[in-house]
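Data from input13.cif: mmCIF, C-alpha atoms and all ligand atoms
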```
data_query
loop_
_atom_site.label_atom_id
_atom_site.label_comp_id
_atom_site.auth_asym_id
_atom_site.auth_seq_id
_atom_site.Cartn_x
_atom_site.Cartn_y
_atom_site.Cartn_z
CA MET A 134 36.40 26.77 10.31
CA PRO A 135 36.71 23.55 12.39
CA VAL A 136 34.27 20.71 11.77
CA LEU A 137 32.21 19.56 14.76
CA SER A 138 32.61 21.85 17.77
CA LYS A 139 32.98 20.26 21.19
CA ARG A 140 29.39 21.21 21.94
CA LEU A 141 28.00 19.60 18.76
CA GLU A 142 30.13 16.52 19.38
CA GLU A 143 28.51 16.18 22.82
CA GLU A 144 25.03 16.87 21.46
CA LEU A 145 25.39 14.25 18.72
CA ASN A 146 26.66 11.76 21.28
CA ARG A 147 23.57 12.44 23.38
CA GLN A 148 21.41 12.06 20.29
CA ILE A 149 22.74 8.53 19.77
CA SER A 150 21.27 7.51 23.12
CA LYS A 151 18.03 9.36 22.27
CA GLU A 152 17.68 7.24 19.11
CA PHE A 153 18.23 4.07 21.14
CA GLU A 154 15.68 5.30 23.70
CA ALA A 155 13.20 5.79 20.83
CA ALA A 156 13.90 2.21 19.71
CA TYR A 157 13.28 1.02 23.27
CA SER A 158 9.99 2.91 23.46
CA TYR A 159 8.79 1.39 20.15
CA PHE A 160 9.78 -2.02 21.47
CA ALA A 161 7.53 -1.26 24.48
CA ALA A 162 4.74 -0.20 22.11
CA ALA A 163 5.14 -3.49 20.21
CA VAL A 164 4.83 -5.43 23.48
CA TYR A 165 1.56 -3.63 24.25
CA CYS A 166 0.22 -4.39 20.75
CA LYS A 167 1.16 -8.05 21.10
CA SER A 168 -0.61 -8.22 24.48
CA ARG A 169 -3.76 -7.26 22.54
CA SER A 170 -3.07 -9.73 19.72
CA LEU A 171 -2.52 -6.86 17.32
CA ASN A 172 0.46 -8.50 15.67
CA GLY A 173 0.39 -6.27 12.59
CA PHE A 174 0.72 -3.20 14.81
CA ALA A 175 3.44 -4.97 16.81
CA HIS A 176 5.41 -5.77 13.67
CA TRP A 177 5.02 -2.18 12.51
CA PHE A 178 6.51 -0.93 15.79
CA GLU A 179 9.32 -3.50 15.68
CA SER A 180 10.27 -2.23 12.22
CA GLN A 181 10.14 1.30 13.60
CA ALA A 182 12.44 0.29 16.47
CA ALA A 183 14.89 -1.20 13.96
CA GLU A 184 14.92 2.09 12.04
CA GLU A 185 15.71 4.05 15.21
CA ILE A 186 18.65 1.74 15.89
CA GLN A 187 19.87 2.46 12.35
CA HIS A 188 19.68 6.19 13.12
CA GLY A 189 21.84 5.64 16.20
CA VAL A 190 24.31 3.66 14.09
CA LYS A 191 24.37 6.41 11.45
CA LEU A 192 25.21 9.05 14.08
CA THR A 193 27.85 6.76 15.60
CA GLN A 194 29.51 6.25 12.21
CA PHE A 195 29.60 10.00 11.55
CA LEU A 196 31.41 10.66 14.85
CA LEU A 197 33.82 7.77 14.27
CA ASP A 198 34.51 8.93 10.70
CA LEU A 199 35.60 12.28 12.13
CA GLY A 200 37.87 10.54 14.64
CA LYS A 201 35.63 11.32 17.64
CA LYS A 202 34.96 9.13 20.64
CA ILE A 203 31.62 7.52 21.39
CA VAL A 204 30.49 8.02 24.98
CA PRO A 205 27.68 5.56 25.79
CA LEU A 206 24.97 7.02 28.03
CA PRO A 207 22.37 5.19 30.13
CA LEU A 208 18.98 4.81 28.49
CA ALA A 209 15.78 6.00 30.10
CA GLN A 210 13.19 3.30 30.67
CA PRO A 211 10.20 3.67 28.35
CA ARG A 212 6.57 3.41 29.37
CA PHE A 213 5.22 -0.11 29.10
CA ASP A 214 1.73 0.57 30.46
CA PHE A 215 -0.77 1.98 27.99
CA SER A 216 -4.53 2.27 28.13
CA SER A 217 -5.23 2.39 24.41
CA LEU A 218 -3.71 2.24 20.93
CA GLN A 219 -4.58 5.88 20.52
CA GLU A 220 -2.47 6.72 23.56
CA VAL A 221 0.47 4.70 22.18
CA PHE A 222 0.30 6.58 18.88
CA GLU A 223 -0.19 9.98 20.47
CA LEU A 224 2.94 9.45 22.59
CA SER A 225 4.88 8.11 19.62
CA LEU A 226 3.88 11.03 17.42
CA LYS A 227 4.93 13.42 20.19
CA ASN A 228 8.28 11.62 20.28
CA GLU A 229 8.72 12.11 16.53
CA THR A 230 7.81 15.81 16.62
CA ASP A 231 10.23 16.29 19.55
CA PHE A 232 12.93 14.64 17.43
CA ALA A 233 12.14 16.96 14.53
CA ASP A 234 12.60 19.94 16.89
CA ARG A 235 15.79 18.40 18.22
CA TYR A 236 17.35 17.86 14.78
CA ASN A 237 16.26 21.32 13.77
CA GLU A 238 18.11 22.66 16.82
CA LEU A 239 21.24 20.61 16.05
CA SER A 240 21.16 21.74 12.45
CA GLY A 241 20.87 25.35 13.65
CA LEU A 242 23.95 24.87 15.82
CA ALA A 243 25.91 23.53 12.83
CA LEU A 244 24.75 26.50 10.74
CA SER A 245 25.87 29.02 13.33
CA ASP A 246 29.26 27.26 13.50
CA HIS A 247 29.52 27.45 9.67
CA ASP A 248 30.00 23.70 9.97
CA ASN A 249 28.77 22.69 6.51
CA ILE A 250 29.83 19.06 6.85
CA THR A 251 27.72 18.46 9.96
CA TYR A 252 24.90 20.62 8.57
CA ASN A 253 24.84 18.52 5.41
CA PHE A 254 24.89 15.31 7.45
CA LEU A 255 21.98 16.47 9.62
CA ASN A 256 19.83 17.32 6.58
CA TRP A 257 19.12 13.63 6.11
CA PHE A 258 17.59 13.47 9.61
CA LEU A 259 15.43 16.54 8.99
CA THR A 260 13.89 14.93 5.89
CA GLU A 261 13.49 11.64 7.75
CA GLN A 262 11.62 13.33 10.61
CA VAL A 263 9.07 14.86 8.23
CA GLU A 264 8.41 11.39 6.80
CA GLU A 265 8.08 9.94 10.30
CA ILE A 266 5.63 12.61 11.45
CA ALA A 267 3.51 12.04 8.33
CA LEU A 268 3.57 8.27 8.86
CA PHE A 269 2.59 8.35 12.55
CA THR A 270 -0.06 11.01 11.92
CA ASP A 271 -1.61 8.87 9.20
CA VAL A 272 -1.93 5.82 11.47
CA LEU A 273 -3.21 7.92 14.39
CA CYS A 274 -5.93 9.39 12.15
CA LYS A 275 -6.96 5.90 11.06
CA ILE A 276 -7.13 4.69 14.67
CA ARG A 277 -9.38 7.64 15.50
CA MET A 278 -11.62 6.61 12.57
CA VAL A 279 -11.88 2.91 13.41
CA GLY A 280 -11.73 2.99 17.22
CA GLU A 281 -10.16 0.51 19.61
CA GLU A 282 -11.89 -2.70 18.57
CA GLY A 283 -13.97 -4.39 15.92
CA SER A 284 -13.48 -5.60 12.37
CA ALA A 285 -12.19 -2.26 11.05
CA LEU A 286 -9.31 -2.43 13.56
CA PHE A 287 -8.67 -6.00 12.46
CA LEU A 288 -8.32 -4.76 8.86
CA LEU A 289 -6.05 -1.87 9.89
CA ASN A 290 -3.87 -4.35 11.79
CA ASP A 291 -3.59 -6.35 8.57
CA GLU A 292 -2.75 -3.24 6.53
CA LEU A 293 0.05 -2.28 8.92
CA ALA A 294 1.55 -5.77 8.79
CA ARG A 295 1.87 -5.40 5.01
CA GLN A 296 2.90 -1.72 5.07
CA ARG A 297 5.96 -2.26 7.20
CA SER A 298 6.99 -5.60 5.78
CA SER A 299 7.24 -4.07 2.31
CA ALA A 300 8.96 -0.89 3.56
CA THR A 301 11.61 -2.47 5.75
CA ALA A 302 12.98 -5.92 6.30
CA PRO A 303 11.15 -7.67 9.15
CA LEU A 304 13.08 -8.34 12.32
CA THR A 305 14.13 -11.92 12.81
FE FE A 401 15.12 8.34 14.63
FE FE A 402 11.56 8.00 14.22
#
```
Can I see the file as structure tokens?
Ligand SMILES: [Fe+2]
Ligand SMILES: [Fe+2]
Amino acid sequence: MPVLSKRLEEELNRQISKEFEAAYSYFAAAVYCKSRSLNGFAHWFESQAAEEIQHGVKLTQFLLDLGKKIVPLPLAQPRFDFSSLQEVFELSLKNETDFADRYNELSGLALSDHDNITYNFLNWFLTEQVEEIALFTDVLCKIRMVGEEGSALFLLNDELARQRSSATAPLT
């Protein structure tokens, strides 16, 4: 059974650009947070953007390891205009659940091809998406609790600054 059908090769290539688009959208979210002086939130999103770039790199390496070509695709422009933090997090959570669906679909394609190598590779992304959904849901719930301004939001901003800086290296 051949590893990586033409179709999966194309889908994984497309997924690389989707990961970079996700990074771009979290960069946009960070810009919005900074415009509101919520630097902890901004840092949290910058760390998230860095993770998405790593996902794109991971996919790229897999294709290269199998001797495939990388076909760069244009990136869609993310939204930069938001009316609230809640909106930013709702959109971001939607993005993460869409990615979970997407990886589930890709994994299903690998399964139907009996492509165990690609299936095994994609398992990492499935686990990662569950963690991401849990993480974004948690922050969204907290924003709903504390609202869009006031001292509780100030404390949440502080918590997020610490949460991400201990989980991932800060961007320089
Ligand atoms: Fe990702
Ligand atoms: Fe993600």
Compute the set of protein, DNA and RNA residues whose minimum atom distance to ligand FE 401 (chain A) is at most 9 Å, using only C-alpha atoms and all ligand atoms, and state it as an mmCIF file with C-alpha atoms, keeping the file's coordinate frame.
```cif
data_model
loop_
_atom_site.group_PDB
_atom_site.id
_atom_site.type_symbol
_atom_site.label_atom_id
_atom_site.label_comp_id
_atom_site.auth_asym_id
_atom_site.auth_seq_id
_atom_site.Cartn_x
_atom_site.Cartn_y
_atom_site.Cartn_z
ATOM 1 C CA LYS A 151 18.030 9.360 22.270
ATOM 2 C CA GLU A 152 17.680 7.240 19.110
ATOM 3 C CA PHE A 153 18.230 4.070 21.140
ATOM 4 C CA ALA A 155 13.200 5.790 20.830
ATOM 5 C CA ALA A 156 13.900 2.210 19.710
ATOM 6 C CA GLN A 181 10.140 1.300 13.600
ATOM 7 C CA ALA A 182 12.440 0.290 16.470
ATOM 8 C CA GLU A 184 14.920 2.090 12.040
ATOM 9 C CA GLU A 185 15.710 4.050 15.210
ATOM 10 C CA ILE A 186 18.650 1.740 15.890
ATOM 11 C CA GLN A 187 19.870 2.460 12.350
ATOM 12 C CA HIS A 188 19.680 6.190 13.120
ATOM 13 C CA GLY A 189 21.840 5.640 16.200
ATOM 14 C CA GLU A 229 8.720 12.110 16.530
ATOM 15 C CA PHE A 232 12.930 14.640 17.430
ATOM 16 C CA PHE A 258 17.590 13.470 9.610
ATOM 17 C CA GLU A 261 13.490 11.640 7.750
ATOM 18 C CA GLN A 262 11.620 13.330 10.610
ATOM 19 C CA GLU A 265 8.080 9.940 10.300
#
```
Would you mind telling me which residue in A:Gln210, A:Gln194, A:Asn228, A:Ser138 lies nearest to ligand FE 402 (chain A) when using all atoms listed in the file? A:Asn228
Residues within 9 Å of region 142-149 of chain A, please, as a short mmCIF file (atom, residue, chain, number, x, y, z; two decimals) with C-alpha atoms, in the coordinates of the input. Count only C-alpha atoms; anything in the same chain fewer than 6 positions from it doesn't count.
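Wrote it out as selection_21.cif, contents follow:
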```cif
data_model
loop_
_atom_site.label_atom_id
_atom_site.label_comp_id
_atom_site.auth_asym_id
_atom_site.auth_seq_id
_atom_site.Cartn_x
_atom_site.Cartn_y
_atom_site.Cartn_z
CA ILE A 186 18.65 1.74 15.89
CA HIS A 188 19.68 6.19 13.12
CA GLY A 189 21.84 5.64 16.20
CA VAL A 190 24.31 3.66 14.09
CA LYS A 191 24.37 6.41 11.45
CA LEU A 192 25.21 9.05 14.08
CA THR A 193 27.85 6.76 15.60
CA LEU A 196 31.41 10.66 14.85
CA LYS A 201 35.63 11.32 17.64
CA LYS A 202 34.96 9.13 20.64
CA ILE A 203 31.62 7.52 21.39
CA VAL A 204 30.49 8.02 24.98
CA PRO A 205 27.68 5.56 25.79
CA LEU A 206 24.97 7.02 28.03
CA ARG A 235 15.79 18.40 18.22
CA TYR A 236 17.35 17.86 14.78
CA LEU A 239 21.24 20.61 16.05
#
```
Please measure the separation of CA of Leu289 (chain A) and CA of Lys275 (chain A), giving the value in Å to one decimal. 7.9 Å
Rounded to one decimal in Å, what is the spacing between CA of Leu171 (chain A) and CA of Gln219 (chain A)? 13.3 Å
Rank A:Asn290, A:Leu197, A:Lys227, A:Met278 by their smallest atom-to-atom distance to Lys167 (chain A), using all atoms listed in the file, and report the top residue only.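 Result for the nearest residue to Lys167 (chain A): A:Asn290.
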Using all atoms listed in the file, which residue out of A:Leu137, A:Ile266, A:Leu199, A:Ala161 lies closest to ligand FE 402 (chain A)? A:Ile266
So how many Å separate atom FE of ligand FE 402 (chain A) and CA of Asn237 (chain A), to one decimal?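 Interatomic distance, atom FE of ligand FE 402 (chain A) to CA of Asn237 (chain A): 14.1 Å.
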Could you put an axis-aligned box around every listed atom of region 182-199 of chain A, padded by 3 Å on each side, and send me its centre and edge lengths in Å to one decimal, as JSON?
```
{"center_x": 24.0, "center_y": 5.5, "center_z": 13.6, "size_x": 29.2, "size_y": 19.5, "size_z": 11.8}
```
